[in-house]
Structure formats: structure tokens, C-alpha cells
>>> print(open('entry.txt').read())   # compact mmCIF, C-alpha atoms
# COMPACT_ATOMS: atom_id res chain seq x y z
CA MET A 1 19.11 82.63 94.84
CA SER A 2 19.87 82.43 91.19
CA ILE A 3 23.14 81.13 89.86
CA ARG A 4 23.92 84.48 88.28
CA ARG A 5 23.37 86.37 91.57
CA PHE A 6 25.52 83.81 93.42
CA PHE A 7 28.26 84.26 90.87
CA TYR A 8 28.24 88.07 91.29
CA LEU A 9 28.37 87.72 95.07
CA PHE A 10 31.33 85.30 94.72
CA LEU A 11 33.22 87.77 92.51
CA LEU A 12 32.44 90.65 94.89
CA ALA A 13 33.72 88.68 97.89
CA GLY A 14 36.90 87.82 96.04
CA PHE A 15 37.44 91.46 95.07
CA VAL A 16 36.95 92.67 98.66
CA SER A 17 39.36 90.03 99.91
CA PHE A 18 41.99 91.01 97.31
CA ALA A 19 41.50 94.71 97.99
CA GLY A 20 42.03 94.08 101.70
CA THR A 21 45.21 91.98 101.37
CA ALA A 22 46.94 93.75 98.45
CA PRO A 23 47.76 96.98 100.33
CA ALA A 24 48.97 94.98 103.32
CA GLN A 25 51.23 92.89 101.11
CA ALA A 26 52.49 96.02 99.35
CA GLN A 27 53.19 97.61 102.75
CA GLU A 28 55.15 94.53 103.86
CA GLU A 29 57.23 94.60 100.68
CA SER A 30 57.84 98.32 101.13
CA ASP A 31 58.95 97.78 104.75
CA GLU A 32 61.34 95.06 103.63
CA LEU A 33 62.86 97.37 101.00
CA VAL A 34 63.36 100.12 103.59
CA GLU A 35 65.03 97.65 105.98
CA ASP A 36 67.32 96.42 103.19
CA ALA A 37 68.25 99.99 102.28
CA ASP A 38 68.97 100.89 105.92
CA SER A 39 71.07 97.75 106.31
CA ALA A 40 73.04 98.55 103.17
CA LYS A 41 73.67 102.12 104.39
CA LYS A 42 74.90 100.86 107.77
CA LYS A 43 77.27 98.37 106.12
CA ALA A 44 78.60 101.03 103.74
CA LYS A 45 79.14 103.48 106.62
CA LYS A 46 80.91 100.85 108.69
CA LYS A 47 83.15 99.91 105.75
CA ALA A 48 83.94 103.56 105.04
CA GLY A 49 84.81 104.07 108.70
CA LYS A 50 87.22 101.15 108.65
CA GLY A 51 88.77 102.41 105.42
CA SER A 52 89.34 105.91 106.72
CA LYS A 53 90.75 104.58 109.98
CA GLY A 54 93.09 102.25 108.16
CA ALA A 55 94.21 104.99 105.76
CA GLU A 56 94.84 107.54 108.52
CA ALA A 57 98.22 109.14 107.86
CA PRO A 58 100.77 109.09 110.67
CA ALA A 59 101.69 112.42 112.24
CA LYS A 60 104.58 114.17 110.51
CA SER A 61 107.76 114.84 112.43
CA ALA A 62 108.71 118.43 113.30
CA VAL A 63 111.48 118.48 110.71
CA VAL A 64 109.32 117.04 107.91
CA ALA A 65 106.53 119.52 108.68
CA ALA A 66 109.02 122.41 108.54
CA PHE A 67 110.27 121.36 105.10
CA GLU A 68 106.77 121.85 103.69
CA ASN A 69 107.47 125.59 103.84
CA PHE A 70 110.48 125.30 101.51
CA LYS A 71 110.94 124.50 97.85
CA VAL A 72 112.87 121.23 97.82
CA LEU A 73 115.13 120.67 94.82
CA ASN A 74 116.85 117.62 93.34
CA ALA A 75 115.08 114.81 95.27
CA ARG A 76 112.20 114.07 97.62
CA LEU A 77 112.73 114.27 101.35
CA ASN A 78 112.68 110.96 103.22
CA GLN A 79 109.72 111.63 105.53
CA LYS A 80 110.36 108.51 107.59
CA ALA A 81 113.90 109.46 108.57
CA GLU A 82 114.75 109.53 112.27
CA TYR A 83 117.72 111.85 111.82
CA PHE A 84 118.46 114.73 109.46
CA ILE A 85 121.87 116.08 108.52
CA TYR A 86 121.82 119.67 107.27
CA PHE A 87 124.85 120.18 105.06
CA TYR A 88 125.65 123.84 104.27
CA THR A 89 127.70 124.11 101.11
CA SER A 90 128.58 126.26 98.11
CA SER A 91 130.01 125.59 94.67
CA THR A 92 132.33 128.58 95.06
CA CYS A 93 134.00 127.25 98.23
CA VAL A 94 136.91 124.81 97.78
CA HIS A 95 136.40 123.24 101.24
CA CYS A 96 132.67 122.84 100.50
CA VAL A 97 133.38 121.07 97.21
CA ASN A 98 135.75 118.66 98.97
CA CYS A 99 133.10 117.95 101.62
CA MET A 100 130.49 117.50 98.91
CA GLN A 101 132.49 114.62 97.42
CA ILE A 102 132.36 112.81 100.76
CA ALA A 103 128.67 113.68 101.16
CA ALA A 104 127.90 112.15 97.76
CA GLU A 105 129.69 108.91 98.72
CA GLN A 106 128.13 108.66 102.18
CA TYR A 107 124.63 109.61 101.07
CA LYS A 108 124.20 106.29 99.29
CA LYS A 109 124.73 104.55 102.64
CA MET A 110 122.48 107.01 104.47
CA LYS A 111 119.73 106.40 101.96
CA ALA A 112 120.14 102.64 102.27
CA SER A 113 119.68 102.91 106.05
CA ARG A 114 116.29 104.60 105.51
CA LYS A 115 116.73 106.26 108.89
CA VAL A 116 119.05 109.15 108.04
CA GLU A 117 118.41 111.92 105.52
CA LEU A 118 121.00 114.35 104.24
CA VAL A 119 119.71 117.77 103.22
CA VAL A 120 121.94 120.01 101.15
CA ILE A 121 121.50 123.68 102.01
CA CYS A 122 123.09 125.48 99.09
CA THR A 123 124.38 129.04 99.41
CA ASP A 124 124.73 129.56 95.66
CA LYS A 125 122.97 132.65 94.32
CA THR A 126 120.43 130.95 92.07
CA GLU A 127 118.56 127.64 91.83
CA ALA A 128 120.18 127.09 88.44
CA ASP A 129 123.64 127.33 90.02
CA ALA A 130 122.59 124.97 92.81
CA LYS A 131 121.22 122.40 90.39
CA LYS A 132 124.40 122.56 88.33
CA TYR A 133 126.47 122.03 91.48
CA LEU A 134 124.33 119.06 92.58
CA LYS A 135 124.52 117.48 89.15
CA LYS A 136 128.27 117.90 88.94
CA SER A 137 128.65 116.37 92.40
CA LYS A 138 126.44 113.42 91.42
CA ILE A 139 124.42 113.59 94.61
CA LYS A 140 120.70 112.79 94.66
CA ALA A 141 119.95 114.28 98.07
CA PRO A 142 117.19 116.86 98.60
CA CYS A 143 118.30 120.47 98.60
CA ILE A 144 116.92 123.82 99.70
CA MET A 145 118.31 127.27 99.02
CA PHE A 146 120.20 129.05 101.79
CA ASP A 147 118.44 132.33 100.97
CA ALA A 148 115.05 130.74 101.66
CA LEU A 149 116.25 129.64 105.08
CA LYS A 150 117.86 133.03 105.72
CA ALA A 151 114.50 134.69 104.98
CA THR A 152 113.10 132.92 108.07
CA GLN A 153 116.02 134.27 110.16
CA PHE A 154 117.20 130.66 110.34
CA LYS A 155 114.13 129.70 112.38
CA GLY A 156 112.38 127.89 109.54
CA LEU A 157 114.12 124.60 110.26
CA PRO A 158 114.20 123.14 113.77
CA GLY A 159 117.72 122.56 115.03
CA CYS A 160 119.27 124.92 112.48
CA GLY A 161 122.80 125.31 113.83
CA MET A 162 125.79 126.90 112.11
CA PRO A 163 124.75 128.22 108.69
CA ILE A 164 128.27 129.11 107.52
CA PRO A 165 129.53 126.75 104.80
CA PRO A 166 130.99 124.28 105.06
CA ALA A 167 128.98 123.25 108.11
CA VAL A 168 126.87 120.37 109.33
CA SER A 169 123.98 120.25 111.81
CA ILE A 170 122.74 116.84 112.94
CA VAL A 171 119.14 116.94 114.11
CA SER A 172 116.67 114.35 115.40
CA LYS A 173 113.26 114.16 113.72
CA ASP A 174 111.66 116.12 116.58
CA GLY A 175 113.99 119.03 115.87
CA THR A 176 116.53 118.51 118.64
CA LEU A 177 120.00 119.68 117.64
CA LEU A 178 122.44 116.86 118.41
CA GLN A 179 125.69 118.16 116.96
CA ASN A 180 127.22 121.05 115.03
CA GLU A 181 130.41 120.97 113.02
CA LEU A 182 132.04 123.91 111.27
CA GLY A 183 135.00 123.95 108.88
CA GLY A 184 136.30 121.57 106.25
CA SER A 185 138.01 118.88 108.31
CA ALA A 186 135.32 118.78 111.04
CA VAL A 187 132.55 118.54 108.44
CA GLN A 188 134.35 115.76 106.58
CA ARG A 189 134.65 113.77 109.81
CA ALA A 190 130.97 114.29 110.63
CA LEU A 191 129.90 113.15 107.16
CA THR A 192 132.16 110.11 107.37
CA ASP A 193 131.06 109.20 110.90
CA TRP A 194 127.35 109.91 110.35
CA ARG A 195 126.29 106.44 111.49
CA GLU A 196 128.03 106.72 114.86
CA LEU A 197 126.55 110.20 115.31
CA THR A 198 123.00 109.06 114.58
CA ILE A 199 121.66 105.50 114.47
CA GLY A 200 124.91 104.05 115.77
CA LYS A 201 124.44 105.67 119.15
>>> encode(input="entry.txt", output="C-alpha cells")
Amino acid sequence: MSIRRFFYLFLLAGFVSFAGTAPAQAQEESDELVEDADSAKKKAKKKAGKGSKGAEAPAKSAVVAAFENFKVLNARLNQKAEYFIYFYTSSTCVHCVNCMQIAAEQYKKMKASRKVELVVICTDKTEADAKKYLKKSKIKAPCIMFDALKATQFKGLPGCGMPIPPAVSIVSKDGTLLQNELGGSAVQRALTDWRELTIGK
């Protein structure tokens, strides 16, 4: 056999060997890439699952859910409150205005407790009148319009009690009516003794 023929045979053998191993190596690399991609997808899915579970919002109380159907003025509703005090009032009622002064003083303490929320239910004719009344009273409590509640036949808020100002309805977060007070002196006492009537029990 000549040297030239031997050399050609050597090259041919090398080519066949390379041609046989290259696809196999390429297949192995491809399989590894697929495995890496699948692993990355599984990790991402697991992480997303943990994130969504951790970010799951707690169920809203009956009272908080009901307030989503009303336009809330003046301040945001404390959604973590355990008790809600509905305070029916009007700027045109002398007894209501007197009660509002006490409400403004006591609301600072209610807000500090983080467990009791006062909601002003204003019977004034317009939102502009209500806002003016709230501003003059220097109270930062959330407020809804009486007419909006009346439109639901007073069924829009759970535990809605005596909607004749001045009046107070004390309600637990699940909508259970705990106490009703009607009239100036009774409402003033309820607003002053709010702690004993709610979290102080």
C-alpha cells in the first residue's frame, strides 16, 4: 500500500469517526439545554406560586365589602377595623353639630386604636355641603351621603339602625348591630363611651 493511499484511508477513517460522534455530542448538548430550560421553568413556577400565596389578600369583612358600593368622602375607610360606628348627622341640625364636636375629638382616639372606625353619614343635600360641614368640624373620618344609603332602602350597610340624625349605630365587622342610640344626649354619651361599647367589652 502506498503512503498516499494510506494517508487517504487515515483521513477517511477520521472523518467517519467524527461524523459518527458529532451528532451524538450535539444531541447530548441539546438534551442538557432542554433539561436546564425545564428546570428553570419549574423553579420560576414554584417561586411564582409562593409569591401569589404570600400576597393573597385576606377576606374583607361584611361591612368593608358593603362600603365598596358607596362613594366615600373625606378619608379612606379603615378596612382592618373590628367595629364601625355609623354617625348620622346634618349641618342644619343644632344637636347634630354639638355631637359632631364630640365625634371630632373622639375620632382621634378611635383612629389611634386602629380597631374602631367612625363613619359619618351626612344628611346634607349635596356633597359640597357635606364636605363644607366636615371641614368646618375638623374631622378626618370617612363619610357617605345619607341619600345614597336611602336609595338602598337602608339595606346597603349591614347593621344599619336608626337613620334619623343625630343617631349612632355601633356594628361589628361582620355586620351585627350591637347598639343604637337616638337623640342628642344619647348620641353624645355613645360617642364619648365608644371604647366601653366596642373594644372595652
>>> residues_around(input="entry.txt", residues="Pro166 of chain A", least_positions_apart="6", cutoff="7 Å", atoms="all atoms listed in the file", output="PyMOL selection string")
chain A and resi 88-89+95-96+182-184+187
>>> atom_distance(input="entry.txt", atom1="atom CA of Asn98 of chain A", atom2="atom CA of Ala66 of chain A")
28.6 Å
>>> closest_residue(input="entry.txt", among="A:Ala151, A:Ala112, A:Cys143, A:Val64", to="Lys80 of chain A", atoms="all atoms listed in the file")
A:Val64
>>> closest_residue(input="entry.txt", among="A:Leu197, A:Pro165, A:Cys160, A:Asn69", to="Ala148 of chain A", atoms="all atoms listed in the file")
A:Asn69
>>> atom_distance(input="entry.txt", atom1="atom CA of Phe70 of chain A", atom2="atom CA of Phe146 of chain A")
10.4 Å
>>> closest_residue(input="entry.txt", among="A:Met100, A:Met145, A:Glu127, A:Ile164", to="Asn180 of chain A", atoms="all atoms listed in the file")
A:Ile164
>>> residues_around(input="entry.txt", residues="Asp129 of chain A", least_positions_apart="4", cutoff="12 Å", atoms="only C-alpha atoms", output="NGL selection string")
:A and (73 or 90-92 or 122-125 or 133-136 or 145)
>>> write_last_selection(input="entry.txt", atoms="C-alpha atoms", output="PDB file, in the coordinates of the input")
ATOM      1  CA  LEU A  73     115.130 120.670  94.820  1.00  0.00           C
ATOM      2  CA  SER A  90     128.580 126.260  98.110  1.00  0.00           C
ATOM      3  CA  SER A  91     130.010 125.590  94.670  1.00  0.00           C
ATOM      4  CA  THR A  92     132.330 128.580  95.060  1.00  0.00           C
ATOM      5  CA  CYS A 122     123.090 125.480  99.090  1.00  0.00           C
ATOM      6  CA  THR A 123     124.380 129.040  99.410  1.00  0.00           C
ATOM      7  CA  ASP A 124     124.730 129.560  95.660  1.00  0.00           C
ATOM      8  CA  LYS A 125     122.970 132.650  94.320  1.00  0.00           C
ATOM      9  CA  TYR A 133     126.470 122.030  91.480  1.00  0.00           C
ATOM     10  CA  LEU A 134     124.330 119.060  92.580  1.00  0.00           C
ATOM     11  CA  LYS A 135     124.520 117.480  89.150  1.00  0.00           C
ATOM     12  CA  LYS A 136     128.270 117.900  88.940  1.00  0.00           C
ATOM     13  CA  MET A 145     118.310 127.270  99.020  1.00  0.00           C
TER      14      MET A 145
END
>>> residues_near_point(input="entry.txt", point="(122.1, 110.2, 96.8)", cutoff="7 Å", atoms="all atoms listed in the file", output="mmCIF file with C-alpha atoms, keeping the file's coordinate frame")
data_model
loop_
_atom_site.group_PDB
_atom_site.id
_atom_site.type_symbol
_atom_site.label_atom_id
_atom_site.label_comp_id
_atom_site.auth_asym_id
_atom_site.auth_seq_id
_atom_site.Cartn_x
_atom_site.Cartn_y
_atom_site.Cartn_z
ATOM 1 C CA ALA A 104 127.900 112.150 97.760
ATOM 2 C CA TYR A 107 124.630 109.610 101.070
ATOM 3 C CA LYS A 108 124.200 106.290 99.290
ATOM 4 C CA LYS A 111 119.730 106.400 101.960
ATOM 5 C CA ILE A 139 124.420 113.590 94.610
ATOM 6 C CA LYS A 140 120.700 112.790 94.660
ATOM 7 C CA ALA A 141 119.950 114.280 98.070
#
>>> residues_near_point(input="entry.txt", point="(126.3, 105.9, 114.5)", cutoff="12 Å", atoms="only C-alpha atoms", output="ChimeraX atom specification")
/A:83,110,113,115-116,170,190-201
>>> atom_distance(input="entry.txt", atom1="atom CA of Ser172 of chain A", atom2="atom CA of Lys132 of chain A")
29.3 Å
>>> decode(input="entry.txt", residues="segment 111-148 of chain A", atoms="N, CA, C and O atoms", output="PDB file, in the first residue's frame")
ATOM      1  N   LYS A 111     -59.148  56.362  65.937  1.00  0.00           N
ATOM      2  CA  LYS A 111     -58.172  56.095  64.873  1.00  0.00           C
ATOM      3  C   LYS A 111     -56.882  55.536  65.448  1.00  0.00           C
ATOM      4  O   LYS A 111     -56.260  54.637  64.867  1.00  0.00           O
ATOM      5  N   ALA A 112     -56.482  56.040  66.607  1.00  0.00           N
ATOM      6  CA  ALA A 112     -55.263  55.556  67.245  1.00  0.00           C
ATOM      7  C   ALA A 112     -55.405  54.101  67.688  1.00  0.00           C
ATOM      8  O   ALA A 112     -54.429  53.345  67.706  1.00  0.00           O
ATOM      9  N   SER A 113     -56.617  53.691  68.017  1.00  0.00           N
ATOM     10  CA  SER A 113     -56.847  52.307  68.443  1.00  0.00           C
ATOM     11  C   SER A 113     -56.696  51.328  67.288  1.00  0.00           C
ATOM     12  O   SER A 113     -56.407  50.157  67.483  1.00  0.00           O
ATOM     13  N   ARG A 114     -56.945  51.795  66.077  1.00  0.00           N
ATOM     14  CA  ARG A 114     -56.877  51.007  64.840  1.00  0.00           C
ATOM     15  C   ARG A 114     -57.929  49.897  64.779  1.00  0.00           C
ATOM     16  O   ARG A 114     -57.938  49.096  63.847  1.00  0.00           O
ATOM     17  N   LYS A 115     -58.790  49.846  65.768  1.00  0.00           N
ATOM     18  CA  LYS A 115     -59.794  48.780  65.811  1.00  0.00           C
ATOM     19  C   LYS A 115     -61.221  49.300  65.644  1.00  0.00           C
ATOM     20  O   LYS A 115     -62.150  48.524  65.460  1.00  0.00           O
ATOM     21  N   VAL A 116     -61.372  50.613  65.743  1.00  0.00           N
ATOM     22  CA  VAL A 116     -62.706  51.218  65.656  1.00  0.00           C
ATOM     23  C   VAL A 116     -62.698  52.299  64.589  1.00  0.00           C
ATOM     24  O   VAL A 116     -61.806  53.142  64.559  1.00  0.00           O
ATOM     25  N   GLU A 117     -63.696  52.250  63.708  1.00  0.00           N
ATOM     26  CA  GLU A 117     -63.815  53.252  62.644  1.00  0.00           C
ATOM     27  C   GLU A 117     -65.148  53.975  62.764  1.00  0.00           C
ATOM     28  O   GLU A 117     -66.205  53.348  62.907  1.00  0.00           O
ATOM     29  N   LEU A 118     -65.076  55.292  62.742  1.00  0.00           N
ATOM     30  CA  LEU A 118     -66.270  56.126  62.735  1.00  0.00           C
ATOM     31  C   LEU A 118     -66.605  56.478  61.292  1.00  0.00           C
ATOM     32  O   LEU A 118     -65.725  56.897  60.535  1.00  0.00           O
ATOM     33  N   VAL A 119     -67.853  56.309  60.918  1.00  0.00           N
ATOM     34  CA  VAL A 119     -68.297  56.673  59.575  1.00  0.00           C
ATOM     35  C   VAL A 119     -69.395  57.717  59.697  1.00  0.00           C
ATOM     36  O   VAL A 119     -70.436  57.468  60.309  1.00  0.00           O
ATOM     37  N   VAL A 120     -69.144  58.879  59.148  1.00  0.00           N
ATOM     38  CA  VAL A 120     -70.142  59.946  59.146  1.00  0.00           C
ATOM     39  C   VAL A 120     -71.119  59.682  58.005  1.00  0.00           C
ATOM     40  O   VAL A 120     -70.713  59.491  56.860  1.00  0.00           O
ATOM     41  N   ILE A 121     -72.400  59.652  58.333  1.00  0.00           N
ATOM     42  CA  ILE A 121     -73.442  59.511  57.313  1.00  0.00           C
ATOM     43  C   ILE A 121     -74.201  60.834  57.301  1.00  0.00           C
ATOM     44  O   ILE A 121     -74.991  61.131  58.197  1.00  0.00           O
ATOM     45  N   CYS A 122     -73.887  61.639  56.304  1.00  0.00           N
ATOM     46  CA  CYS A 122     -74.345  63.030  56.267  1.00  0.00           C
ATOM     47  C   CYS A 122     -75.664  63.177  55.502  1.00  0.00           C
ATOM     48  O   CYS A 122     -75.779  62.719  54.366  1.00  0.00           O
ATOM     49  N   THR A 123     -76.622  63.827  56.148  1.00  0.00           N
ATOM     50  CA  THR A 123     -77.935  64.021  55.525  1.00  0.00           C
ATOM     51  C   THR A 123     -78.048  65.344  54.781  1.00  0.00           C
ATOM     52  O   THR A 123     -79.142  65.712  54.336  1.00  0.00           O
ATOM     53  N   ASP A 124     -76.961  66.069  54.641  1.00  0.00           N
ATOM     54  CA  ASP A 124     -76.991  67.307  53.863  1.00  0.00           C
ATOM     55  C   ASP A 124     -77.396  67.001  52.415  1.00  0.00           C
ATOM     56  O   ASP A 124     -77.208  65.886  51.925  1.00  0.00           O
ATOM     57  N   LYS A 125     -77.899  68.002  51.723  1.00  0.00           N
ATOM     58  CA  LYS A 125     -78.458  67.788  50.386  1.00  0.00           C
ATOM     59  C   LYS A 125     -77.416  67.475  49.319  1.00  0.00           C
ATOM     60  O   LYS A 125     -77.677  66.718  48.394  1.00  0.00           O
ATOM     61  N   THR A 126     -76.239  68.080  49.426  1.00  0.00           N
ATOM     62  CA  THR A 126     -75.218  67.880  48.393  1.00  0.00           C
ATOM     63  C   THR A 126     -73.885  67.474  49.008  1.00  0.00           C
ATOM     64  O   THR A 126     -73.632  67.691  50.198  1.00  0.00           O
ATOM     65  N   GLU A 127     -73.017  66.888  48.172  1.00  0.00           N
ATOM     66  CA  GLU A 127     -71.669  66.519  48.618  1.00  0.00           C
ATOM     67  C   GLU A 127     -70.881  67.761  49.013  1.00  0.00           C
ATOM     68  O   GLU A 127     -70.085  67.729  49.948  1.00  0.00           O
ATOM     69  N   ALA A 128     -71.115  68.849  48.290  1.00  0.00           N
ATOM     70  CA  ALA A 128     -70.411  70.101  48.593  1.00  0.00           C
ATOM     71  C   ALA A 128     -70.757  70.587  49.994  1.00  0.00           C
ATOM     72  O   ALA A 128     -69.873  71.015  50.754  1.00  0.00           O
ATOM     73  N   ASP A 129     -72.036  70.493  50.364  1.00  0.00           N
ATOM     74  CA  ASP A 129     -72.464  70.879  51.711  1.00  0.00           C
ATOM     75  C   ASP A 129     -71.837  69.969  52.766  1.00  0.00           C
ATOM     76  O   ASP A 129     -71.405  70.421  53.822  1.00  0.00           O
ATOM     77  N   ALA A 130     -71.799  68.675  52.452  1.00  0.00           N
ATOM     78  CA  ALA A 130     -71.221  67.703  53.385  1.00  0.00           C
ATOM     79  C   ALA A 130     -69.736  67.977  53.604  1.00  0.00           C
ATOM     80  O   ALA A 130     -69.246  67.965  54.744  1.00  0.00           O
ATOM     81  N   LYS A 131     -69.024  68.219  52.527  1.00  0.00           N
ATOM     82  CA  LYS A 131     -67.585  68.488  52.628  1.00  0.00           C
ATOM     83  C   LYS A 131     -67.316  69.758  53.433  1.00  0.00           C
ATOM     84  O   LYS A 131     -66.355  69.814  54.216  1.00  0.00           O
ATOM     85  N   LYS A 132     -68.157  70.751  53.227  1.00  0.00           N
ATOM     86  CA  LYS A 132     -68.016  72.007  53.969  1.00  0.00           C
ATOM     87  C   LYS A 132     -68.235  71.774  55.462  1.00  0.00           C
ATOM     88  O   LYS A 132     -67.505  72.292  56.316  1.00  0.00           O
ATOM     89  N   TYR A 133     -69.221  70.970  55.774  1.00  0.00           N
ATOM     90  CA  TYR A 133     -69.555  70.613  57.159  1.00  0.00           C
ATOM     91  C   TYR A 133     -68.398  69.839  57.811  1.00  0.00           C
ATOM     92  O   TYR A 133     -68.000  70.123  58.943  1.00  0.00           O
ATOM     93  N   LEU A 134     -67.851  68.876  57.099  1.00  0.00           N
ATOM     94  CA  LEU A 134     -66.735  68.066  57.602  1.00  0.00           C
ATOM     95  C   LEU A 134     -65.496  68.936  57.846  1.00  0.00           C
ATOM     96  O   LEU A 134     -64.805  68.790  58.856  1.00  0.00           O
ATOM     97  N   LYS A 135     -65.248  69.816  56.906  1.00  0.00           N
ATOM     98  CA  LYS A 135     -64.084  70.705  57.029  1.00  0.00           C
ATOM     99  C   LYS A 135     -64.224  71.641  58.219  1.00  0.00           C
ATOM    100  O   LYS A 135     -63.273  71.850  58.993  1.00  0.00           O
ATOM    101  N   LYS A 136     -65.408  72.197  58.371  1.00  0.00           N
ATOM    102  CA  LYS A 136     -65.665  73.119  59.479  1.00  0.00           C
ATOM    103  C   LYS A 136     -65.546  72.397  60.824  1.00  0.00           C
ATOM    104  O   LYS A 136     -65.077  72.969  61.816  1.00  0.00           O
ATOM    105  N   SER A 137     -65.941  71.132  60.841  1.00  0.00           N
ATOM    106  CA  SER A 137     -65.894  70.342  62.072  1.00  0.00           C
ATOM    107  C   SER A 137     -64.503  69.787  62.366  1.00  0.00           C
ATOM    108  O   SER A 137     -64.268  69.236  63.442  1.00  0.00           O
ATOM    109  N   LYS A 138     -63.611  69.896  61.392  1.00  0.00           N
ATOM    110  CA  LYS A 138     -62.228  69.425  61.532  1.00  0.00           C
ATOM    111  C   LYS A 138     -62.156  67.935  61.872  1.00  0.00           C
ATOM    112  O   LYS A 138     -61.399  67.511  62.743  1.00  0.00           O
ATOM    113  N   ILE A 139     -62.956  67.166  61.162  1.00  0.00           N
ATOM    114  CA  ILE A 139     -62.951  65.722  61.368  1.00  0.00           C
ATOM    115  C   ILE A 139     -62.477  65.038  60.087  1.00  0.00           C
ATOM    116  O   ILE A 139     -62.899  65.393  58.989  1.00  0.00           O
ATOM    117  N   LYS A 140     -61.586  64.095  60.227  1.00  0.00           N
ATOM    118  CA  LYS A 140     -60.990  63.415  59.072  1.00  0.00           C
ATOM    119  C   LYS A 140     -61.552  62.011  58.868  1.00  0.00           C
ATOM    120  O   LYS A 140     -60.918  61.159  58.265  1.00  0.00           O
ATOM    121  N   ALA A 141     -62.735  61.768  59.386  1.00  0.00           N
ATOM    122  CA  ALA A 141     -63.360  60.452  59.261  1.00  0.00           C
ATOM    123  C   ALA A 141     -63.990  60.269  57.879  1.00  0.00           C
ATOM    124  O   ALA A 141     -64.374  61.245  57.238  1.00  0.00           O
ATOM    125  N   PRO A 142     -64.100  59.024  57.421  1.00  0.00           N
ATOM    126  CA  PRO A 142     -64.786  58.781  56.147  1.00  0.00           C
ATOM    127  C   PRO A 142     -66.263  59.141  56.246  1.00  0.00           C
ATOM    128  O   PRO A 142     -66.856  59.092  57.326  1.00  0.00           O
ATOM    129  N   CYS A 143     -66.840  59.484  55.121  1.00  0.00           N
ATOM    130  CA  CYS A 143     -68.233  59.935  55.106  1.00  0.00           C
ATOM    131  C   CYS A 143     -68.946  59.416  53.858  1.00  0.00           C
ATOM    132  O   CYS A 143     -68.342  59.354  52.779  1.00  0.00           O
ATOM    133  N   ILE A 144     -70.195  59.036  54.011  1.00  0.00           N
ATOM    134  CA  ILE A 144     -71.027  58.721  52.852  1.00  0.00           C
ATOM    135  C   ILE A 144     -72.295  59.573  52.950  1.00  0.00           C
ATOM    136  O   ILE A 144     -72.658  60.047  54.031  1.00  0.00           O
ATOM    137  N   MET A 145     -72.950  59.742  51.830  1.00  0.00           N
ATOM    138  CA  MET A 145     -74.156  60.558  51.805  1.00  0.00           C
ATOM    139  C   MET A 145     -75.374  59.726  52.218  1.00  0.00           C
ATOM    140  O   MET A 145     -75.540  58.584  51.794  1.00  0.00           O
ATOM    141  N   PHE A 146     -76.219  60.328  53.017  1.00  0.00           N
ATOM    142  CA  PHE A 146     -77.441  59.685  53.504  1.00  0.00           C
ATOM    143  C   PHE A 146     -78.338  59.262  52.342  1.00  0.00           C
ATOM    144  O   PHE A 146     -78.939  58.178  52.370  1.00  0.00           O
ATOM    145  N   ASP A 147     -78.424  60.098  51.318  1.00  0.00           N
ATOM    146  CA  ASP A 147     -79.274  59.780  50.169  1.00  0.00           C
ATOM    147  C   ASP A 147     -78.829  58.505  49.464  1.00  0.00           C
ATOM    148  O   ASP A 147     -79.667  57.754  48.940  1.00  0.00           O
ATOM    149  N   ALA A 148     -77.526  58.253  49.431  1.00  0.00           N
ATOM    150  CA  ALA A 148     -77.014  57.038  48.796  1.00  0.00           C
ATOM    151  C   ALA A 148     -77.445  55.806  49.591  1.00  0.00           C
ATOM    152  O   ALA A 148     -77.785  54.764  49.015  1.00  0.00           O
TER     153      ALA A 148
END
